[in-house]
file query_13.txt (compact mmCIF, C-alpha atoms)
# COMPACT_ATOMS: atom_id res chain seq x y z
CA MET Z 16 128.55 81.25 45.05
CA LEU Z 17 125.08 82.73 44.94
CA SER Z 18 122.77 81.57 47.67
CA PRO Z 19 120.02 79.48 45.97
CA ASP Z 20 117.26 80.97 48.10
CA LEU Z 21 117.92 84.34 46.43
CA VAL Z 22 116.53 83.12 43.10
CA GLY Z 23 113.27 84.93 42.48
CA ARG Z 24 114.04 87.64 45.00
CA THR Z 25 113.65 91.26 43.92
CA PHE Z 26 115.83 93.99 45.34
CA LYS Z 27 114.28 97.40 44.99
CA GLY Z 28 116.66 100.32 44.75
CA ALA Z 29 116.38 103.28 47.06
CA ASP Z 30 118.30 105.66 44.80
CA THR Z 31 116.64 107.69 42.10
CA THR Z 32 118.78 108.33 39.04
CA THR Z 33 117.91 111.57 37.29
CA VAL Z 34 118.90 111.25 33.65
CA SER Z 35 120.81 114.30 32.47
CA ALA Z 36 121.03 115.62 28.92
CA GLU Z 37 124.80 115.40 29.35
CA ALA Z 38 124.66 111.66 30.14
CA ILE Z 39 122.57 111.04 27.03
CA SER Z 40 124.83 113.13 24.81
CA LYS Z 41 127.98 111.40 26.13
CA PHE Z 42 126.51 107.98 25.38
CA ALA Z 43 125.17 109.13 22.00
CA ALA Z 44 128.58 110.54 21.03
CA VAL Z 45 130.23 107.14 21.49
CA VAL Z 46 127.93 105.49 18.97
CA GLY Z 47 127.76 108.49 16.62
CA GLU Z 48 124.12 109.28 17.34
CA ASN Z 49 123.03 112.86 16.57
CA ASN Z 50 119.47 112.57 17.87
CA LEU Z 51 119.68 113.70 21.49
CA ASP Z 52 115.92 113.90 22.08
CA VAL Z 53 115.88 110.32 23.35
CA ALA Z 54 118.56 108.05 24.78
CA PRO Z 55 120.11 105.39 22.49
CA PRO Z 56 118.55 101.89 22.81
CA THR Z 57 121.18 100.43 25.16
CA PHE Z 58 121.55 103.53 27.37
CA ALA Z 59 119.66 101.82 30.22
CA ILE Z 60 122.70 99.63 30.92
CA SER Z 61 124.59 102.69 32.17
CA ILE Z 62 122.08 102.79 35.03
CA THR Z 63 121.20 99.13 35.54
CA LEU Z 64 124.77 97.77 35.60
CA ASP Z 65 125.83 99.98 38.49
CA GLN Z 66 122.49 99.75 40.29
CA SER Z 67 122.20 95.97 40.05
CA GLN Z 68 125.76 95.54 41.32
CA LYS Z 69 124.90 97.65 44.35
CA LEU Z 70 121.60 95.88 44.93
CA LEU Z 71 123.14 92.42 44.64
CA GLN Z 72 126.44 93.09 46.37
CA ASP Z 73 125.49 91.00 49.41
CA SER Z 74 124.06 88.13 47.35
CA GLY Z 75 127.29 86.13 47.19
CA LEU Z 76 127.77 86.90 43.49
CA ASP Z 77 131.48 87.48 42.82
CA TRP Z 78 131.40 90.45 40.42
CA THR Z 79 135.19 90.35 39.94
CA ARG Z 80 134.86 87.04 38.07
CA VAL Z 81 131.79 87.92 36.05
CA VAL Z 82 131.79 87.71 32.25
CA HIS Z 83 128.79 89.12 30.40
CA GLY Z 84 127.12 86.27 28.50
CA ASP Z 85 124.13 87.91 26.90
CA GLN Z 86 121.93 90.95 27.17
CA LYS Z 87 118.34 91.79 26.38
CA PHE Z 88 116.33 95.03 26.46
CA GLU Z 89 112.59 95.63 26.34
CA ILE Z 90 111.98 99.32 25.84
CA LYS Z 91 108.45 100.48 26.69
CA ARG Z 92 109.40 104.02 25.81
CA PRO Z 93 112.80 105.64 25.23
CA ILE Z 94 114.56 107.20 28.21
CA VAL Z 95 114.66 111.00 27.97
CA ALA Z 96 116.54 113.71 29.86
CA GLY Z 97 114.81 114.53 33.14
CA ASP Z 98 113.56 110.99 33.74
CA LYS Z 99 113.81 110.04 37.40
CA LEU Z 100 114.39 106.31 37.39
CA ILE Z 101 114.37 103.71 40.14
CA CYS Z 102 115.97 100.33 39.48
CA SER Z 103 114.76 97.02 40.87
CA SER Z 104 116.76 93.88 40.22
CA THR Z 105 115.61 90.28 40.36
CA ILE Z 106 117.73 87.15 40.20
CA GLU Z 107 115.60 85.19 37.73
CA SER Z 108 117.75 82.07 37.54
CA ALA Z 109 121.03 80.61 38.71
CA ARG Z 110 122.55 77.35 37.55
CA VAL Z 111 125.95 75.73 37.27
CA MET Z 112 127.27 74.65 33.87
CA ALA Z 113 130.74 73.15 33.33
CA GLY Z 114 131.80 74.49 36.72
CA ASN Z 115 130.72 78.05 35.90
CA GLU Z 116 127.80 79.67 37.63
CA ILE Z 117 125.31 81.21 35.22
CA VAL Z 118 123.06 83.87 36.68
CA THR Z 119 120.30 85.83 34.94
CA VAL Z 120 119.52 89.20 36.47
CA ARG Z 121 116.52 91.22 35.38
CA SER Z 122 116.55 94.92 36.14
CA ASP Z 123 113.51 97.13 35.67
CA LEU Z 124 113.67 100.90 35.47
CA HIS Z 125 110.53 102.64 36.66
CA SER Z 126 109.57 106.29 36.58
CA GLY Z 127 106.95 106.45 39.33
CA ALA Z 128 104.59 103.57 38.55
CA GLU Z 129 105.49 103.51 34.85
CA LEU Z 130 107.83 100.75 33.66
CA ILE Z 131 110.23 102.35 31.15
CA VAL Z 132 112.84 99.70 30.32
CA SER Z 133 113.50 96.10 31.39
CA THR Z 134 116.96 94.64 30.96
CA TRP Z 135 118.11 91.04 31.33
CA SER Z 136 121.80 90.26 31.80
CA THR Z 137 123.16 86.74 31.79
CA LEU Z 138 126.33 86.69 33.82
CA VAL Z 139 128.83 83.86 33.73
CA VAL Z 140 130.80 83.63 36.96
CA ARG Z 141 134.04 81.87 36.04
CA ALA Z 142 135.02 79.00 38.29
CA MET K 27 110.31 103.64 7.21
CA SER K 28 107.42 101.35 6.27
CA ASN K 29 108.74 99.96 3.01
CA LEU K 30 110.72 97.13 4.63
CA GLN K 31 110.09 93.68 3.16
CA VAL K 32 110.48 90.31 4.84
CA GLY K 33 113.77 88.81 3.73
CA GLN K 34 115.23 92.19 2.81
CA GLU K 35 118.96 92.55 3.42
CA LEU K 36 119.88 95.91 4.96
CA ALA K 37 123.09 97.65 3.88
CA PRO K 38 126.07 96.90 6.10
CA LYS K 39 127.70 99.66 8.13
CA THR K 40 131.26 99.72 9.43
CA PHE K 41 132.08 101.10 12.88
CA LEU K 42 135.68 101.67 13.93
CA ILE K 43 136.64 100.65 17.46
CA ASN K 44 139.88 101.91 18.99
CA ARG K 45 141.31 102.44 22.47
CA ALA K 46 139.99 106.04 22.60
CA LEU K 47 136.45 104.77 21.93
CA LEU K 48 136.82 102.22 24.74
CA VAL K 49 137.73 105.03 27.16
CA ALA K 50 134.81 107.13 25.90
CA TYR K 51 132.42 104.18 26.35
CA ALA K 52 133.80 103.43 29.83
CA ASN K 53 133.12 107.04 30.83
CA ALA K 54 129.66 107.14 29.22
CA SER K 55 128.51 103.80 30.64
CA GLY K 56 130.33 103.74 33.96
CA ASP K 57 131.91 100.36 33.16
CA GLN K 58 135.54 100.98 34.12
CA ASN K 59 136.62 97.32 34.13
CA PRO K 60 140.39 97.47 33.39
CA ILE K 61 140.21 94.61 30.86
CA HIS K 62 138.81 97.26 28.48
CA GLN K 63 141.60 99.79 29.01
CA ASN K 64 144.73 98.31 30.53
CA GLU K 65 146.76 95.97 28.34
CA GLU K 66 148.89 94.64 31.20
CA PHE K 67 145.83 93.86 33.29
CA ALA K 68 143.99 92.22 30.36
CA LYS K 69 146.94 89.94 29.69
CA SER K 70 147.28 89.10 33.39
CA VAL K 71 143.78 87.58 33.32
CA GLY K 72 144.54 85.51 30.23
CA LEU K 73 143.20 87.75 27.47
CA PRO K 74 145.26 88.28 24.29
CA ASP K 75 145.04 92.08 24.68
CA VAL K 76 142.56 94.77 25.69
CA ILE K 77 139.05 93.78 24.62
CA ALA K 78 136.05 95.98 23.85
CA HIS K 79 133.09 96.04 26.22
CA GLY K 80 130.51 93.59 24.85
CA MET K 81 128.01 96.33 25.59
CA LEU K 82 129.96 98.74 23.35
CA THR K 83 129.60 96.32 20.45
CA MET K 84 125.92 96.04 21.31
CA ALA K 85 125.58 99.84 21.58
CA LEU K 86 127.02 100.19 18.06
CA ALA K 87 124.62 97.50 16.80
CA GLY K 88 121.92 99.55 18.53
CA LYS K 89 122.97 102.55 16.46
CA TYR K 90 122.56 100.38 13.36
CA LEU K 91 119.00 99.54 14.49
CA SER K 92 118.35 103.23 15.23
CA GLU K 93 119.22 104.17 11.65
CA ILE K 94 116.34 102.05 10.32
CA ASN K 95 113.55 104.15 11.81
CA GLY K 96 115.04 106.32 14.58
CA SER K 97 116.23 105.51 18.13
CA GLU K 98 112.72 105.88 19.49
CA ALA K 99 111.46 103.06 17.23
CA VAL K 100 113.63 100.37 18.83
CA THR K 101 111.45 98.38 21.26
CA ASP K 102 113.42 95.15 21.81
CA PHE K 103 117.08 94.30 21.41
CA SER K 104 119.04 91.23 22.44
CA ALA K 105 122.41 89.62 21.74
CA ARG K 106 124.88 87.06 23.00
CA PHE K 107 128.53 87.95 23.42
CA THR K 108 130.12 85.05 21.59
CA LYS K 109 133.66 86.27 20.84
CA PRO K 110 135.69 89.15 22.27
CA VAL K 111 136.59 92.13 20.09
CA VAL K 112 140.35 92.48 20.62
CA VAL K 113 141.55 96.08 20.33
CA PRO K 114 145.35 96.40 19.96
CA VAL K 115 147.03 99.74 20.65
CA ASN K 116 147.03 102.30 17.79
CA THR K 117 144.58 100.23 15.78
CA ASP K 118 141.12 100.90 14.40
CA VAL K 119 139.26 97.61 14.52
CA ALA K 120 136.44 97.40 11.96
CA LEU K 121 133.11 96.13 13.28
CA ILE K 122 130.77 95.42 10.37
CA ILE K 123 127.08 95.23 11.22
CA SER K 124 124.48 94.03 8.76
CA GLY K 125 120.83 93.19 9.11
CA LYS K 126 118.04 91.17 7.57
CA VAL K 127 114.31 91.68 8.02
CA ALA K 128 113.11 88.40 9.50
CA GLU K 129 109.47 89.18 10.20
CA ILE K 130 106.90 91.96 9.89
CA SER K 131 103.69 91.93 11.89
CA ASP K 132 101.32 94.40 13.56
CA GLY K 133 103.45 97.39 12.61
CA PHE K 134 106.69 95.94 13.94
CA ALA K 135 109.69 94.51 12.09
CA LYS K 136 112.06 91.96 13.55
CA VAL K 137 115.60 92.49 12.27
CA GLU K 138 118.33 89.88 12.66
CA LEU K 139 121.79 91.34 12.95
CA THR K 140 125.23 90.04 12.07
CA ALA K 141 128.30 91.61 13.71
CA LEU K 142 131.67 90.74 12.21
CA CYS K 143 135.20 91.60 13.28
CA ASN K 144 138.00 90.19 11.10
CA ASP K 145 135.42 87.80 9.59
CA VAL K 146 134.52 86.41 13.03
CA LYS K 147 130.97 86.73 14.42
CA VAL K 148 131.26 88.61 17.71
CA LEU K 149 127.54 88.66 18.55
CA GLY K 150 125.25 85.65 18.47
CA MET K 151 121.46 85.60 18.11
CA ALA K 152 121.48 89.38 17.76
CA LYS K 153 118.08 90.78 16.92
CA GLY K 154 116.00 93.86 17.38
CA VAL K 155 112.38 94.88 16.97
CA ILE K 156 111.57 98.16 15.26
CA LYS K 157 108.25 99.98 15.33
CA LEU K 158 107.33 100.93 11.78

call {"tool": "encode", "arguments": {"input": "query_13.txt", "output": "structure tokens"}}
result
Amino acid sequence: MLSPDLVGRTFKGADTTTVSAEAISKFAAVVGENNLDVAPPTFAISITLDQSQKLLQDSGLDWTRVVHGDQKFEIKRPIVAGDKLICSSTIESARVMAGNEIVTVRSDLHSGAELIVSTWSTLVVRA
Amino acid sequence: MSNLQVGQELAPKTFLINRALLVAYANASGDQNPIHQNEEFAKSVGLPDVIAHGMLTMALAGKYLSEINGSEAVTDFSARFTKPVVVPVNTDVALIISGKVAEISDGFAKVELTALCNDVKVLGMAKGVIKL
């Protein structure tokens, strides 16, 4: 169970992810995208999923029982190869519904001071 | 593309999802959860079979949005994962995405998406915003 005092807390990542052309082309190949100049719209999840799990691993959230409920992206500009991105994750809300814990995690990817992409994941932690 | 009209139905596109694509998506996204690759494991946690990553379905819907005016034109994208996409072995599962222009304002179009697998909606409230 997530500790309630963590709601609203932001965990800033220490790791910088440098986006490679190879990572973009691998993701693009899966969806059949030929334009490799920019990353496909949902590419950010390949960084934020892993980063947010690391950042929130001590929060009490049981990732082994997590089901992805919904997902949202706000893309300020597309991710491109060479971007050096830092992830910060915030637990925006946590509530219990029908015995399941429902947690919304926002993750922002910044390049320096510039916000590139924000993602929101609603996670349902099965009872 | 600036000739979109409010209410316009966009042509559907079919994507084929199979086990090989699930492995490719797992490797591209880093999501190696075994429910998307290992039949025995998936069944052990109460699933009918291996299921696709919800984010793979969303990535394919993202490709549909990208085809409207390019990947770089997609500024917002959201969806709920309402039903799992079950992917049996040696099977190409058809995911049919279609879209409708819901709103146009200030140079942006809001497109509502429908994602069907075997006539079942697998995404809910799926919508994207495209810069025109």

call {"tool": "residues_around", "arguments": {"input": "query_13.txt", "residues": "Thr119 in chain Z", "least_positions_apart": "6", "cutoff": "7 Å", "atoms": "all atoms listed in the file", "output": "PyMOL selection string"}}
result
chain Z and resi 106-109+135-138

call {"tool": "closest_residue", "arguments": {"input": "query_13.txt", "among": "Z:Pro55, Z:Gly75, Z:Gly114, Z:Gly127", "to": "chain K", "atoms": "all atoms listed in the file"}}
result
Z:Pro55

call {"tool": "closest_atom_pairs", "arguments": {"input": "query_13.txt", "of": "chain Z", "to": "chain K", "cutoff": "6 Å", "atoms": "all atoms listed in the file", "output": "JSON lines"}}
result
{"residue": "Z:Lys41", "atom": "CA", "partner": "K:Ala54", "partner_atom": "CA", "distance": 5.5}
{"residue": "Z:Phe42", "atom": "CA", "partner": "K:Ala54", "partner_atom": "CA", "distance": 5.0}
{"residue": "Z:Val46", "atom": "CA", "partner": "K:Leu86", "partner_atom": "CA", "distance": 5.5}
{"residue": "Z:Pro55", "atom": "CA", "partner": "K:Ser97", "partner_atom": "CA", "distance": 5.8}
{"residue": "Z:Pro56", "atom": "CA", "partner": "K:Gly88", "partner_atom": "CA", "distance": 5.9}
{"residue": "Z:Thr57", "atom": "CA", "partner": "K:Ala85", "partner_atom": "CA", "distance": 5.7}
{"residue": "Z:Ser61", "atom": "CA", "partner": "K:Ser55", "partner_atom": "CA", "distance": 4.4}
{"residue": "Z:Gly84", "atom": "CA", "partner": "K:Phe107", "partner_atom": "CA", "distance": 5.5}
{"residue": "Z:Asp85", "atom": "CA", "partner": "K:Arg106", "partner_atom": "CA", "distance": 4.1}
{"residue": "Z:Gln86", "atom": "CA", "partner": "K:Ser104", "partner_atom": "CA", "distance": 5.6}
{"residue": "Z:Lys87", "atom": "CA", "partner": "K:Ser104", "partner_atom": "CA", "distance": 4.0}
{"residue": "Z:Phe88", "atom": "CA", "partner": "K:Phe103", "partner_atom": "CA", "distance": 5.2}
{"residue": "Z:Glu89", "atom": "CA", "partner": "K:Asp102", "partner_atom": "CA", "distance": 4.6}
{"residue": "Z:Ile90", "atom": "CA", "partner": "K:Thr101", "partner_atom": "CA", "distance": 4.7}
{"residue": "Z:Pro93", "atom": "CA", "partner": "K:Glu98", "partner_atom": "CA", "distance": 5.7}

call {"tool": "atom_distance", "arguments": {"input": "query_13.txt", "atom1": "CA of Pro60 in chain K", "atom2": "CA of Leu42 in chain K"}}
result
20.5 Å

call {"tool": "atom_distance", "arguments": {"input": "query_13.txt", "atom1": "CA of Gln63 in chain K", "atom2": "CA of Val81 in chain Z"}}
result
16.9 Å

call {"tool": "atom_distance", "arguments": {"input": "query_13.txt", "atom1": "CA of Thr40 in chain K", "atom2": "CA of Ser124 in chain K"}}
result
8.9 Å

call {"tool": "residues_around", "arguments": {"input": "query_13.txt", "residues": "Ile94 in chain Z", "least_positions_apart": "4", "cutoff": "10 Å", "atoms": "all atoms listed in the file", "output": "VMD selection string"}}
result
(chain Z and resid 34 39 52 to 59 90 98 to 100 124 126 131 to 132) or (chain K and resid 98)

call {"tool": "residues_around", "arguments": {"input": "query_13.txt", "residues": "Glu35 in chain K", "least_positions_apart": "6", "cutoff": "9 Å", "atoms": "only C-alpha atoms", "output": "number ranges by chain"}}
result
K: 124-127

call {"tool": "write_last_selection", "arguments": {"input": "query_13.txt", "atoms": "C-alpha atoms", "output": "PDB file, in the frame of the given file"}}
result
ATOM      1  CA  SER K 124     124.480  94.030   8.760  1.00  0.00           C
ATOM      2  CA  GLY K 125     120.830  93.190   9.110  1.00  0.00           C
ATOM      3  CA  LYS K 126     118.040  91.170   7.570  1.00  0.00           C
ATOM      4  CA  VAL K 127     114.310  91.680   8.020  1.00  0.00           C
TER       5      VAL K 127
END

call {"tool": "closest_residue", "arguments": {"input": "query_13.txt", "among": "Z:Met112, Z:Ala128, Z:Cys102, Z:Val139", "to": "Gln68 in chain Z", "atoms": "only C-alpha atoms"}}
result
Z:Cys102
